[in-house]
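Below is model19.tsv, holding TSV, N, CA and C atoms.
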chain	number	residue	atom	x	y	z
A	176	MET	N	-99.84	29.83	40.79
A	176	MET	CA	-99.92	28.62	41.63
A	176	MET	C	-100.05	27.35	40.81
A	177	ALA	N	-100.84	27.42	39.78
A	177	ALA	CA	-101.07	26.22	38.98
A	177	ALA	C	-99.80	25.74	38.31
A	178	SER	N	-98.89	26.63	37.96
A	178	SER	CA	-97.68	26.23	37.24
A	178	SER	C	-96.73	25.42	38.13
A	179	ARG	N	-96.80	25.53	39.42
A	179	ARG	CA	-95.91	24.79	40.32
A	179	ARG	C	-96.26	23.31	40.40
A	180	GLU	N	-97.50	22.95	40.16
A	180	GLU	CA	-97.92	21.55	40.29
A	180	GLU	C	-97.17	20.63	39.34
A	181	LYS	N	-96.77	21.13	38.20
A	181	LYS	CA	-96.11	20.29	37.21
A	181	LYS	C	-94.75	19.78	37.70
A	182	THR	N	-93.99	20.61	38.37
A	182	THR	CA	-92.64	20.22	38.75
A	182	THR	C	-92.60	19.20	39.88
A	183	GLU	N	-93.58	19.18	40.73
A	183	GLU	CA	-93.54	18.28	41.89
A	183	GLU	C	-93.55	16.81	41.50
A	184	GLN	N	-94.25	16.44	40.45
A	184	GLN	CA	-94.41	15.04	40.11
A	184	GLN	C	-93.14	14.39	39.58
A	185	THR	N	-92.26	15.15	38.98
A	185	THR	CA	-91.09	14.55	38.32
A	185	THR	C	-89.95	14.24	39.27
A	186	GLU	N	-90.04	14.60	40.51
A	186	GLU	CA	-88.88	14.45	41.39
A	186	GLU	C	-88.87	13.18	42.24
A	187	ASP	N	-89.86	12.35	42.10
A	187	ASP	CA	-89.99	11.22	43.02
A	187	ASP	C	-89.06	10.03	42.80
A	188	THR	N	-89.26	9.26	41.75
A	188	THR	CA	-88.65	7.94	41.64
A	188	THR	C	-87.17	7.86	41.25
A	189	PRO	N	-86.64	8.67	40.34
A	189	PRO	CA	-85.29	8.43	39.83
A	189	PRO	C	-84.21	8.41	40.89
A	190	VAL	N	-84.40	9.10	41.98
A	190	VAL	CA	-83.38	9.18	43.02
A	190	VAL	C	-83.03	7.80	43.56
A	191	VAL	N	-84.02	6.97	43.76
A	191	VAL	CA	-83.80	5.62	44.29
A	191	VAL	C	-82.96	4.79	43.32
A	192	GLU	N	-83.27	4.89	42.02
A	192	GLU	CA	-82.52	4.12	41.03
A	192	GLU	C	-81.05	4.49	41.04
A	193	GLU	N	-80.78	5.78	41.14
A	193	GLU	CA	-79.39	6.22	41.10
A	193	GLU	C	-78.59	5.68	42.27
A	194	THR	N	-79.23	5.44	43.38
A	194	THR	CA	-78.49	4.92	44.50
A	194	THR	C	-78.19	3.42	44.35
A	195	LEU	N	-78.91	2.75	43.48
A	195	LEU	CA	-78.69	1.33	43.28
A	195	LEU	C	-77.61	1.05	42.23
A	196	VAL	N	-77.67	1.76	41.13
A	196	VAL	CA	-76.69	1.56	40.06
A	196	VAL	C	-76.17	2.91	39.59
A	197	GLU	N	-74.87	2.99	39.45
A	197	GLU	CA	-74.28	4.21	38.92
A	197	GLU	C	-73.34	3.84	37.79
A	198	GLU	N	-73.62	4.38	36.62
A	198	GLU	CA	-72.74	4.10	35.48
A	198	GLU	C	-71.64	5.14	35.40
A	199	VAL	N	-70.45	4.67	35.10
A	199	VAL	CA	-69.31	5.56	35.04
A	199	VAL	C	-68.71	5.51	33.64
A	200	SER	N	-68.51	6.65	33.05
A	200	SER	CA	-67.88	6.68	31.73
A	200	SER	C	-66.38	6.71	31.89
A	201	ILE	N	-65.69	5.79	31.22
A	201	ILE	CA	-64.22	5.78	31.29
A	201	ILE	C	-63.61	6.00	29.92
A	202	ASP	N	-64.42	6.45	28.96
A	202	ASP	CA	-63.92	6.68	27.60
A	202	ASP	C	-62.75	7.65	27.58
A	203	GLY	N	-62.85	8.68	28.38
A	203	GLY	CA	-61.83	9.72	28.36
A	203	GLY	C	-60.50	9.29	28.94
A	204	MET	N	-60.43	8.08	29.49
A	204	MET	CA	-59.20	7.62	30.12
A	204	MET	C	-58.25	6.93	29.14
A	205	CYS	N	-58.68	6.76	27.87
A	205	CYS	CA	-57.88	6.02	26.90
A	205	CYS	C	-56.48	6.61	26.75
A	206	GLY	N	-56.37	7.92	26.71
A	206	GLY	CA	-55.09	8.55	26.47
A	206	GLY	C	-54.14	8.51	27.66
A	207	VAL	N	-54.62	8.07	28.78
A	207	VAL	CA	-53.82	8.07	29.99
A	207	VAL	C	-52.73	7.01	29.95
A	208	TYR	N	-53.04	5.91	29.27
A	208	TYR	CA	-52.08	4.78	29.30
A	208	TYR	C	-51.11	4.76	28.13
B	82	MET	N	-76.53	-13.53	17.28
B	82	MET	CA	-75.71	-12.60	16.55
B	82	MET	C	-76.16	-11.16	16.75
B	83	SER	N	-76.91	-10.92	17.75
B	83	SER	CA	-77.41	-9.58	17.98
B	83	SER	C	-76.52	-8.84	18.97
B	84	THR	N	-76.28	-7.59	18.67
B	84	THR	CA	-75.53	-6.77	19.62
B	84	THR	C	-76.43	-5.68	20.19
B	85	ARG	N	-77.70	-5.95	20.21
B	85	ARG	CA	-78.67	-4.94	20.60
B	85	ARG	C	-78.63	-4.60	22.08
B	86	THR	N	-78.03	-5.45	22.90
B	86	THR	CA	-78.00	-5.16	24.33
B	86	THR	C	-77.20	-3.90	24.62
B	87	ALA	N	-76.34	-3.50	23.70
B	87	ALA	CA	-75.56	-2.29	23.92
B	87	ALA	C	-76.41	-1.04	23.71
B	88	GLN	N	-77.57	-1.21	23.14
B	88	GLN	CA	-78.44	-0.07	22.91
B	88	GLN	C	-79.48	0.00	24.01
B	89	GLY	N	-79.34	1.00	24.86
B	89	GLY	CA	-80.11	1.11	26.08
B	89	GLY	C	-81.58	0.76	26.04
B	90	GLU	N	-82.37	1.46	25.26
B	90	GLU	CA	-83.81	1.34	25.39
B	90	GLU	C	-84.37	0.00	24.94
B	91	VAL	N	-83.66	-0.67	24.06
B	91	VAL	CA	-84.16	-1.96	23.60
B	91	VAL	C	-84.25	-2.94	24.76
B	92	GLY	N	-83.22	-2.94	25.60
B	92	GLY	CA	-83.20	-3.86	26.72
B	92	GLY	C	-84.28	-3.56	27.75
B	93	VAL	N	-84.56	-2.29	27.97
B	93	VAL	CA	-85.58	-1.92	28.94
B	93	VAL	C	-86.94	-2.41	28.48
B	94	ASP	N	-87.21	-2.23	27.20
B	94	ASP	CA	-88.50	-2.65	26.67
B	94	ASP	C	-88.67	-4.16	26.75
B	95	SER	N	-87.59	-4.90	26.57
B	95	SER	CA	-87.72	-6.34	26.51
B	95	SER	C	-87.43	-7.02	27.85
B	96	PHE	N	-87.13	-6.26	28.88
B	96	PHE	CA	-86.84	-6.85	30.17
B	96	PHE	C	-88.09	-7.49	30.75
B	97	ASP	N	-87.99	-8.79	31.04
B	97	ASP	CA	-89.12	-9.52	31.59
B	97	ASP	C	-88.71	-10.19	32.89
B	98	PRO	N	-89.06	-9.61	34.03
B	98	PRO	CA	-88.63	-10.18	35.31
B	98	PRO	C	-89.24	-11.53	35.63
B	99	GLY	N	-90.19	-11.96	34.80
B	99	GLY	CA	-90.75	-13.29	34.99
B	99	GLY	C	-89.93	-14.37	34.29
B	100	SER	N	-88.89	-13.96	33.58
B	100	SER	CA	-88.05	-14.89	32.83
B	100	SER	C	-86.71	-15.11	33.53
B	101	PRO	N	-86.02	-16.21	33.19
B	101	PRO	CA	-84.70	-16.44	33.78
B	101	PRO	C	-83.63	-15.54	33.18
B	102	TYR	N	-82.80	-14.99	34.00
B	102	TYR	CA	-81.70	-14.14	33.56
B	102	TYR	C	-80.39	-14.65	34.15
B	103	ARG	N	-79.31	-14.05	33.71
B	103	ARG	CA	-78.00	-14.35	34.29
B	103	ARG	C	-77.11	-13.13	34.12
B	104	CYS	N	-76.04	-13.12	34.87
B	104	CYS	CA	-75.04	-12.09	34.68
B	104	CYS	C	-74.29	-12.44	33.40
B	105	SER	N	-74.08	-11.46	32.53
B	105	SER	CA	-73.43	-11.72	31.25
B	105	SER	C	-72.04	-12.32	31.45
B	106	PRO	N	-71.65	-13.31	30.64
B	106	PRO	CA	-70.30	-13.86	30.74
B	106	PRO	C	-69.22	-12.84	30.35
B	107	GLN	N	-69.64	-11.75	29.72
B	107	GLN	CA	-68.67	-10.70	29.36
B	107	GLN	C	-68.48	-9.69	30.48
B	108	VAL	N	-69.12	-9.97	31.61
B	108	VAL	CA	-69.08	-9.02	32.72
B	108	VAL	C	-68.21	-9.55	33.85
B	109	SER	N	-67.38	-8.66	34.36
B	109	SER	CA	-66.59	-8.98	35.55
B	109	SER	C	-67.22	-8.25	36.73
B	110	LEU	N	-67.50	-9.01	37.77
B	110	LEU	CA	-68.16	-8.45	38.96
B	110	LEU	C	-67.18	-8.53	40.13
B	111	ARG	N	-66.74	-7.38	40.60
B	111	ARG	CA	-65.78	-7.39	41.71
B	111	ARG	C	-66.41	-6.85	42.98
B	112	PRO	N	-66.45	-7.67	44.02
B	112	PRO	CA	-67.05	-7.21	45.28
B	112	PRO	C	-66.30	-6.03	45.87
B	113	GLU	N	-67.05	-5.09	46.38
B	113	GLU	CA	-66.49	-3.91	47.03
B	113	GLU	C	-67.27	-3.67	48.32
B	114	PRO	N	-66.73	-2.91	49.24
B	114	PRO	CA	-67.45	-2.65	50.50
B	114	PRO	C	-68.83	-2.03	50.29
B	115	PHE	N	-68.97	-1.21	49.25
B	115	PHE	CA	-70.26	-0.54	49.00
B	115	PHE	C	-71.22	-1.39	48.20
B	116	GLY	N	-70.74	-2.48	47.62
B	116	GLY	CA	-71.56	-3.32	46.74
B	116	GLY	C	-70.67	-4.08	45.78
B	117	ALA	N	-70.60	-3.61	44.53
B	117	ALA	CA	-69.71	-4.26	43.57
B	117	ALA	C	-69.39	-3.32	42.42
B	118	LEU	N	-68.25	-3.60	41.82
B	118	LEU	CA	-67.83	-2.88	40.63
B	118	LEU	C	-68.09	-3.81	39.44
B	119	VAL	N	-68.72	-3.28	38.42
B	119	VAL	CA	-69.09	-4.10	37.26
B	119	VAL	C	-68.40	-3.56	36.02
B	120	TYR	N	-67.68	-4.42	35.33
B	120	TYR	CA	-67.08	-3.99	34.07
B	120	TYR	C	-67.52	-4.93	32.95
B	121	HIS	N	-68.05	-4.33	31.88
B	121	HIS	CA	-68.49	-5.11	30.73
B	121	HIS	C	-67.41	-5.04	29.65
B	122	PHE	N	-66.81	-6.16	29.33
B	122	PHE	CA	-65.70	-6.18	28.38
B	122	PHE	C	-66.15	-5.91	26.95
B	123	GLY	N	-67.43	-6.13	26.67
B	123	GLY	CA	-67.95	-5.88	25.33
B	123	GLY	C	-68.26	-4.42	25.10
B	124	THR	N	-68.97	-3.82	26.02
B	124	THR	CA	-69.37	-2.42	25.85
B	124	THR	C	-68.38	-1.45	26.49
B	125	ARG	N	-67.45	-1.99	27.29
B	125	ARG	CA	-66.46	-1.19	28.04
B	125	ARG	C	-67.13	-0.24	29.02
B	126	LYS	N	-68.28	-0.65	29.49
B	126	LYS	CA	-68.97	0.17	30.47
B	126	LYS	C	-68.61	-0.26	31.88
B	127	LEU	N	-68.39	0.74	32.71
B	127	LEU	CA	-68.10	0.49	34.12
B	127	LEU	C	-69.27	1.00	34.94
B	128	SER	N	-69.75	0.16	35.84
B	128	SER	CA	-70.88	0.56	36.69
B	128	SER	C	-70.60	0.17	38.14
B	129	PHE	N	-71.28	0.84	39.02
B	129	PHE	CA	-71.25	0.46	40.43
B	129	PHE	C	-72.61	-0.07	40.84
B	130	LEU	N	-72.62	-1.23	41.46
B	130	LEU	CA	-73.84	-1.70	42.13
B	130	LEU	C	-73.69	-1.22	43.57
B	131	LYS	N	-74.59	-0.38	44.00
B	131	LYS	CA	-74.33	0.35	45.23
B	131	LYS	C	-75.03	-0.18	46.47
B	132	THR	N	-75.63	-1.35	46.35
B	132	THR	CA	-76.11	-2.01	47.56
B	132	THR	C	-75.73	-3.49	47.51
B	133	LEU	N	-75.48	-4.06	48.68
B	133	LEU	CA	-75.11	-5.47	48.73
B	133	LEU	C	-76.25	-6.39	48.28
B	134	PRO	N	-77.51	-6.09	48.65
B	134	PRO	CA	-78.60	-6.96	48.15
B	134	PRO	C	-78.68	-6.98	46.62
B	135	LEU	N	-78.40	-5.85	45.96
B	135	LEU	CA	-78.44	-5.84	44.50
B	135	LEU	C	-77.35	-6.75	43.92
B	136	VAL	N	-76.21	-6.77	44.56
B	136	VAL	CA	-75.13	-7.67	44.14
B	136	VAL	C	-75.59	-9.12	44.28
B	137	GLU	N	-76.25	-9.40	45.41
B	137	GLU	CA	-76.76	-10.75	45.64
B	137	GLU	C	-77.77	-11.14	44.56
B	138	VAL	N	-78.62	-10.18	44.20
B	138	VAL	CA	-79.62	-10.46	43.17
B	138	VAL	C	-78.94	-10.78	41.85
B	139	VAL	N	-77.99	-9.95	41.45
B	139	VAL	CA	-77.31	-10.14	40.16
B	139	VAL	C	-76.58	-11.48	40.14
B	140	LYS	N	-75.88	-11.78	41.23
B	140	LYS	CA	-75.15	-13.05	41.28
B	140	LYS	C	-76.09	-14.24	41.36
B	141	GLY	N	-77.26	-14.02	41.98
B	141	GLY	CA	-78.19	-15.13	42.18
B	141	GLY	C	-79.10	-15.40	41.00
B	142	LEU	N	-79.11	-14.50	40.02
B	142	LEU	CA	-80.02	-14.67	38.88
B	142	LEU	C	-79.87	-16.04	38.22
B	143	GLU	N	-78.62	-16.48	38.11
B	143	GLU	CA	-78.35	-17.72	37.38
B	143	GLU	C	-78.96	-18.95	38.05
B	144	SER	N	-79.12	-18.86	39.36
B	144	SER	CA	-79.62	-20.05	40.07
B	144	SER	C	-81.10	-19.94	40.43
B	145	HIS	N	-81.78	-18.97	39.83
B	145	HIS	CA	-83.21	-18.83	40.10
B	145	HIS	C	-84.00	-18.85	38.78
B	146	PRO	N	-85.23	-19.32	38.85
B	146	PRO	CA	-86.03	-19.46	37.62
B	146	PRO	C	-86.49	-18.14	37.04
B	147	ASP	N	-86.50	-17.08	37.84
B	147	ASP	CA	-86.87	-15.76	37.32
B	147	ASP	C	-86.27	-14.67	38.20
B	148	VAL	N	-86.43	-13.44	37.76
B	148	VAL	CA	-85.83	-12.31	38.47
B	148	VAL	C	-86.50	-12.10	39.83
B	149	HIS	N	-87.81	-12.28	39.86
B	149	HIS	CA	-88.55	-12.07	41.11
B	149	HIS	C	-88.02	-12.96	42.24
B	150	SER	N	-87.78	-14.21	41.94
B	150	SER	CA	-87.33	-15.11	43.00
B	150	SER	C	-85.90	-14.81	43.41
B	151	ALA	N	-85.09	-14.30	42.49
B	151	ALA	CA	-83.73	-13.90	42.86
B	151	ALA	C	-83.78	-12.70	43.81
B	152	ILE	N	-84.70	-11.78	43.55
B	152	ILE	CA	-84.87	-10.61	44.42
B	152	ILE	C	-85.35	-11.05	45.80
B	153	GLU	N	-86.29	-11.96	45.81
B	153	GLU	CA	-86.83	-12.45	47.08
B	153	GLU	C	-85.75	-13.17	47.88
B	154	ALA	N	-84.96	-13.99	47.20
B	154	ALA	CA	-83.91	-14.75	47.88
B	154	ALA	C	-82.83	-13.84	48.47
B	155	ALA	N	-82.65	-12.69	47.86
B	155	ALA	CA	-81.64	-11.75	48.36
B	155	ALA	C	-82.15	-10.94	49.55
B	156	GLY	N	-83.41	-11.15	49.90
B	156	GLY	CA	-83.95	-10.48	51.08
B	156	GLY	C	-84.35	-9.03	50.86
B	157	VAL	N	-84.64	-8.67	49.62
B	157	VAL	CA	-85.05	-7.30	49.33
B	157	VAL	C	-86.48	-7.08	49.81
B	158	GLU	N	-86.67	-6.03	50.58
B	158	GLU	CA	-88.00	-5.73	51.12
B	158	GLU	C	-88.97	-5.41	49.98
B	159	GLU	N	-90.22	-5.76	50.21
B	159	GLU	CA	-91.24	-5.57	49.17
B	159	GLU	C	-91.34	-4.13	48.70
B	160	ALA	N	-91.22	-3.20	49.62
B	160	ALA	CA	-91.34	-1.79	49.26
B	160	ALA	C	-90.23	-1.34	48.32
B	161	GLN	N	-89.10	-2.04	48.37
B	161	GLN	CA	-87.96	-1.64	47.55
B	161	GLN	C	-87.91	-2.39	46.22
B	162	ARG	N	-88.75	-3.38	46.06
B	162	ARG	CA	-88.65	-4.24	44.87
B	162	ARG	C	-88.88	-3.51	43.54
B	163	PRO	N	-89.85	-2.57	43.48
B	163	PRO	CA	-90.00	-1.84	42.21
B	163	PRO	C	-88.72	-1.11	41.80
B	164	ALA	N	-88.04	-0.53	42.77
B	164	ALA	CA	-86.79	0.18	42.47
B	164	ALA	C	-85.73	-0.81	41.99
B	165	TYR	N	-85.69	-1.99	42.60
B	165	TYR	CA	-84.73	-3.01	42.17
B	165	TYR	C	-85.04	-3.50	40.77
B	166	LEU	N	-86.33	-3.65	40.47
B	166	LEU	CA	-86.70	-4.09	39.12
B	166	LEU	C	-86.28	-3.06	38.08
B	167	LYS	N	-86.44	-1.79	38.41
B	167	LYS	CA	-86.02	-0.74	37.49
B	167	LYS	C	-84.50	-0.74	37.32
B	168	ALA	N	-83.81	-0.94	38.41
B	168	ALA	CA	-82.35	-1.00	38.32
B	168	ALA	C	-81.92	-2.19	37.47
B	169	LEU	N	-82.59	-3.32	37.65
B	169	LEU	CA	-82.25	-4.52	36.87
B	169	LEU	C	-82.62	-4.34	35.40
B	170	ALA	N	-83.70	-3.62	35.14
B	170	ALA	CA	-84.06	-3.31	33.75
B	170	ALA	C	-82.95	-2.49	33.11
B	171	GLY	N	-82.39	-1.58	33.87
B	171	GLY	CA	-81.27	-0.79	33.37
B	171	GLY	C	-80.04	-1.65	33.12
B	172	LEU	N	-79.81	-2.60	34.01
B	172	LEU	CA	-78.67	-3.51	33.83
B	172	LEU	C	-78.88	-4.42	32.62
B	173	ALA	N	-80.13	-4.77	32.36
B	173	ALA	CA	-80.43	-5.57	31.17
B	173	ALA	C	-80.21	-4.73	29.91
B	174	ALA	N	-80.58	-3.46	29.99
B	174	ALA	CA	-80.41	-2.57	28.84
B	174	ALA	C	-78.93	-2.36	28.52
B	175	SER	N	-78.11	-2.35	29.54
B	175	SER	CA	-76.68	-2.13	29.30
B	175	SER	C	-75.94	-3.43	29.01
B	176	GLY	N	-76.65	-4.56	29.08
B	176	GLY	CA	-76.03	-5.85	28.77
B	176	GLY	C	-75.33	-6.49	29.94
B	177	THR	N	-75.44	-5.89	31.12
B	177	THR	CA	-74.81	-6.47	32.31
B	177	THR	C	-75.47	-7.80	32.67
B	178	ILE	N	-76.79	-7.82	32.60
B	178	ILE	CA	-77.51	-9.09	32.75
B	178	ILE	C	-78.22	-9.38	31.44
B	179	GLU	N	-78.49	-10.66	31.21
B	179	GLU	CA	-79.10	-11.04	29.94
B	179	GLU	C	-80.01	-12.25	30.14
B	180	PRO	N	-81.00	-12.44	29.25
B	180	PRO	CA	-81.86	-13.61	29.37
B	180	PRO	C	-81.06	-14.89	29.13
B	181	ARG	N	-81.47	-15.96	29.75
B	181	ARG	CA	-80.80	-17.25	29.51
B	181	ARG	C	-81.81	-18.31	29.12

Here is the file; what I need is its structure written in the form of structure tokens.
Amino acid sequence: MASREKTEQTEDTPVVEETLVEEVSIDGMCGVY
Amino acid sequence: MSTRTAQGEVGVDSFDPGSPYRCSPQVSLRPEPFGALVYHFGTRKLSFLKTLPLVEVVKGLESHPDVHSAIEAAGVEEAQRPAYLKALAGLAASGTIEPR
């Protein structure tokens, strides 16, 4: 039971940030043109 | 002569929402239905701003004395402001916004 407490705390805040800004990598598109 | 804004963590550490910021002149901001598309010509990074208030904040930075007042002017609810500050810290780290 004690080992489960650790995982609960890490899931809170980052989700909100991801909905505000999303970075997209376009490096792999160089060869397309 | 510093190019440190391209290095993520430096910008986060130095982000001060009590200071005046602006959208980088190297950034193109294109309005989209979901928010805006951001392209940085220096770092070649493409990002999406996924809420309209965040777009308002980024565009409004230049006409406000600090980040807090730009957030307030955009009508961001108090409960959401910490998340917006974190998002803006990330934008500062990537060079999308910069101190002025």

Counting all atoms listed in the file, which residues of chain B sit at most 6.5 Å from some atom of chain A, and what is each one's closest atom pair with its distance in Å to one decimal, listed by chain and rising residue number, as a tab-separated table?
residue	atom	partner	partner_atom	distance
B:Lys126	C	A:Val199	C	6.0
B:Leu127	C	A:Val199	N	3.9
B:Ser128	CA	A:Glu198	CA	4.2
B:Phe129	N	A:Glu197	C	3.8
B:Leu130	CA	A:Leu195	C	4.7
B:Lys131	N	A:Leu195	C	3.8
B:Thr132	N	A:Leu195	CA	5.1
B:Ala164	CA	A:Glu192	N	5.9
B:Lys167	C	A:Glu192	CA	6.4
B:Ala168	CA	A:Glu192	CA	5.8

Between atom C of Leu110 in chain B and CA of Asp147 in chain B, measure the distance and give it in Å to one decimal.
->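 Interatomic distance here is 21.2 Å.
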
Atom N of Ala155 in chain B to atom N of Phe122 in chain B, distance in Å rounded to a single decimal =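 Atom N of Ala155 in chain B sits 25.2 Å away from atom N of Phe122 in chain B.
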
Separation of atom C of Pro180 in chain B and atom N of Arg103 in chain B, in Å?
->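 These atoms are spaced 5.0 Å apart.
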
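All residues within chain B that the backbone DSSP calculation assigns to strand (DSSP E) are B:Tyr102, B:Arg103, B:Cys104, B:Val108, B:Ser109, B:Leu110, B:Arg111, B:Pro112, B:Glu113, B:Gly116, B:Ala117, B:Leu118, B:Val119, B:Tyr120, B:His121, B:Lys126, B:Leu127, B:Ser128, B:Phe129, B:Leu130, B:Ile178, B:Glu179, B:Pro180.
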
For Ala170 in chain B, which residue out of B:Pro146, B:Pro98, B:Gly156, B:Gly141 is the nearest one, using only C-alpha atoms?
->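 Closest to Ala170 in chain B of all the choices is B:Pro98.
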
Select from range 125-158 of chain B everything DSSP, run on the backbone, classes as helix (DSSP H, G or I), then give the selection as a PyMOL selection string.
-> chain B and resi 133-144+148-154
